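Participant: I have a structure I would like to understand better, so I am pasting it below and will then ask my questions one at a time.
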Amino acid sequence: MTGDLPTSTNKETDVAQAQPRGGGSFADEILRAPGSGDSRPAAPAPAADTAAKPTDARPAAPAAVTDTGRDVVLKLSYNDPKFDESIWKTVKYNAIEISDFPKDARVQHWADKDGYFFYLTDASGKMIDNKLHHYPGNVAKLIINGNTQDLVKERQKVSEAIARKNDINIKDGVLTVDVKDAKFDEKVHRVRTMDTINLTGLAPGAKIAHGMDGNGFFFEVGDGKKHYYPTNAKQLAVDGKVTMDLTKTRYQDIESYSNASFGGFKDYSRGRDPMTNAQQVINFAAGMDKQAGRSLDVLDKGLTEAIASSEHHPYFKYLLANVKLAQAMGAVRERVLTGQSINHPSVIDKLDKADELLDQVIKESDGRLRVIGRGFPRPNAPLMPLAPYAPYDPRDPNGLYSFWGGTYDQAGFMKPGVKFIKGLVQSNVLALPPERP
């Protein structure tokens, strides 16, 4: 990015006293509670290093698929001559149940250029039938004789075992790496099943700074370099002690960057007049576009990356909806200045994306509020403000309520404004305010 774009760098953080463990951060625990409606867990996204269907797979015979309410199970006989074809017939399942399994066989797991697979051995470790059974990356469970294997964990074990063969120190999702290692950044990005980066080799009393720019989120350890970290990283530790919840850190970096770019995101206040409420949304988005300029692209990239890391985080989605709306205002402004119709896909697509994101925020927030027994709506009450850090305060008994209530109210207020703007755009009558109020 060019030099006139701001770089957000937050205050240094002292080393804390908490033990790292794989499986995510405190923010992930906040976001892991059940949502509204469907109780079935979503099938995991395909692993980044899982290959597509083998090229020599043939069309499969119909497979028996059963929906248990929690899982969609593909049921197969190991004696079926089309066993592997059936595995690849559909990805609309998240568990495989195998019957007619060879007696005394052991299931082993590994990976090759075609992806992850399982195979059978006898008690001595010798392969039984010399078959490698590859499976899609969305499959989370393998059920044999009533026993269930967690394939997400098995893939993690395999990935880490392969990494260790390449001199990468990782176990149970925790990557331990010396800051003086010449391959430091390469190793941080190498293992996609890593969720905790454990730094070693720092000087006593060292502090860590963090921030974001056009290349993504990074931390600094005093070596004059920005160390960018991947979306799967959820925690940062030093010598076995956690220093940062990277989900929280990402939000802090986005907040600092937006404050430097256009004064930051705002909380809306509900009035009695729907037209005045809609104008609030128009005024803020138009002003945000004028002040932020190209920084909107950096925020778009950063928020998209943050959502990829924490897909159920309502604040990342809510802020990205604001960015998309501001980008739509920019597209409107550009088309007006060049004498073109504003009813154009370059505008409508951004408005539709903003509306889609707000729908997700409202649904997710409503579901979590119902789980904690604080259901909405509250039609005549003042809008709750955004409260992204409320759950981190152990003294606040209403932390989760404030966290989810803030995004529910603010997204619910903003959505009719987006709809109103889209109607004006489609009618070619939207007039942008000259200055941000």
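So you can find residues: chains in the structure tokens are A, B, ... in the order shown, residues in each start at 1, and ligands are numbered from 1 in order.
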Set out as CSV a contact list for range 386-408 of chain A and range 268-287 of chain A with a cut-off of 12 Å, giving each residue of range 386-408 of chain A that qualifies its closest atom pair and distance in Å to one decimal, counting only C-alpha atoms, ordered by chain and rising residue number.

Facilitator:
residue,atom,partner,partner_atom,distance
A:Leu386,CA,A:Tyr268,CA,9.4
A:Gly406,CA,A:Tyr268,CA,10.4
A:Thr407,CA,A:Tyr268,CA,11.1

Participant: Near Trp110 in chain A, within 9 Å and counting only C-alpha atoms, which residues show up once chain neighbours fewer than 5 positions away are dropped, as a ChimeraX atom specification?

Facilitator: /A:115-119,154-155,157-159,162

Participant: Sorted by chain and rising residue number, list the residues of range 296-319 of chain A at most 8 Å from range 213-232 of chain A (counting only C-alpha atoms), each with its closest atom pair and distance in Å to one decimal, as a tab-separated table.

Facilitator:
residue	atom	partner	partner_atom	distance
A:Val298	CA	A:Gly214	CA	5.1
A:Lys301	CA	A:Gly216	CA	7.5
A:Gly302	CA	A:Gly216	CA	6.0
A:Glu305	CA	A:Thr231	CA	6.4
A:Ala306	CA	A:Thr231	CA	6.9
A:Ala308	CA	A:Thr231	CA	6.4
A:Ser309	CA	A:Thr231	CA	4.6

Participant: Go ahead and write the residues just picked, N, CA and C atoms, as a PDB file, in the first residue's frame.

Facilitator:
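After the write, out36.pdb holds the following:
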ATOM      1  N   VAL A 298      -8.293  -1.388   2.943  1.00  0.00           N
ATOM      2  CA  VAL A 298      -7.508  -2.065   3.978  1.00  0.00           C
ATOM      3  C   VAL A 298      -8.434  -2.647   5.037  1.00  0.00           C
ATOM      4  N   LYS A 301     -10.196  -5.754   3.677  1.00  0.00           N
ATOM      5  CA  LYS A 301      -9.310  -6.927   3.703  1.00  0.00           C
ATOM      6  C   LYS A 301      -9.116  -7.434   5.130  1.00  0.00           C
ATOM      7  N   GLY A 302      -8.869  -6.498   6.071  1.00  0.00           N
ATOM      8  CA  GLY A 302      -8.631  -6.910   7.447  1.00  0.00           C
ATOM      9  C   GLY A 302      -9.849  -7.551   8.083  1.00  0.00           C
ATOM     10  N   GLU A 305     -10.463 -10.994   6.681  1.00  0.00           N
ATOM     11  CA  GLU A 305      -9.511 -11.930   7.287  1.00  0.00           C
ATOM     12  C   GLU A 305      -9.933 -12.271   8.716  1.00  0.00           C
ATOM     13  N   ALA A 306     -10.404 -11.264   9.465  1.00  0.00           N
ATOM     14  CA  ALA A 306     -10.840 -11.498  10.843  1.00  0.00           C
ATOM     15  C   ALA A 306     -12.049 -12.417  10.886  1.00  0.00           C
ATOM     16  N   ALA A 308     -12.736 -14.711   8.651  1.00  0.00           N
ATOM     17  CA  ALA A 308     -12.235 -16.052   8.327  1.00  0.00           C
ATOM     18  C   ALA A 308     -11.642 -16.717   9.561  1.00  0.00           C
ATOM     19  N   SER A 309     -11.070 -15.922  10.463  1.00  0.00           N
ATOM     20  CA  SER A 309     -10.492 -16.468  11.689  1.00  0.00           C
ATOM     21  C   SER A 309     -11.561 -16.756  12.736  1.00  0.00           C
TER      22      SER A 309
END

Participant: Counting only C-alpha atoms, which residue out of A:Ser295, A:His133, A:Leu369, A:Ala27 sits closest to Lys82 in chain A?

Facilitator: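 Looking at the shortest contact to Lys82 in chain A, the residue is A:His133.
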
Participant: Point out the residue among A:Gln340, A:Gly330, A:Asp245, A:Pro314 with the least atom-to-atom distance to Ile362 in chain A, counting only C-alpha atoms.

Facilitator: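 Distance minimum relative to Ile362 in chain A lands on A:Pro314.
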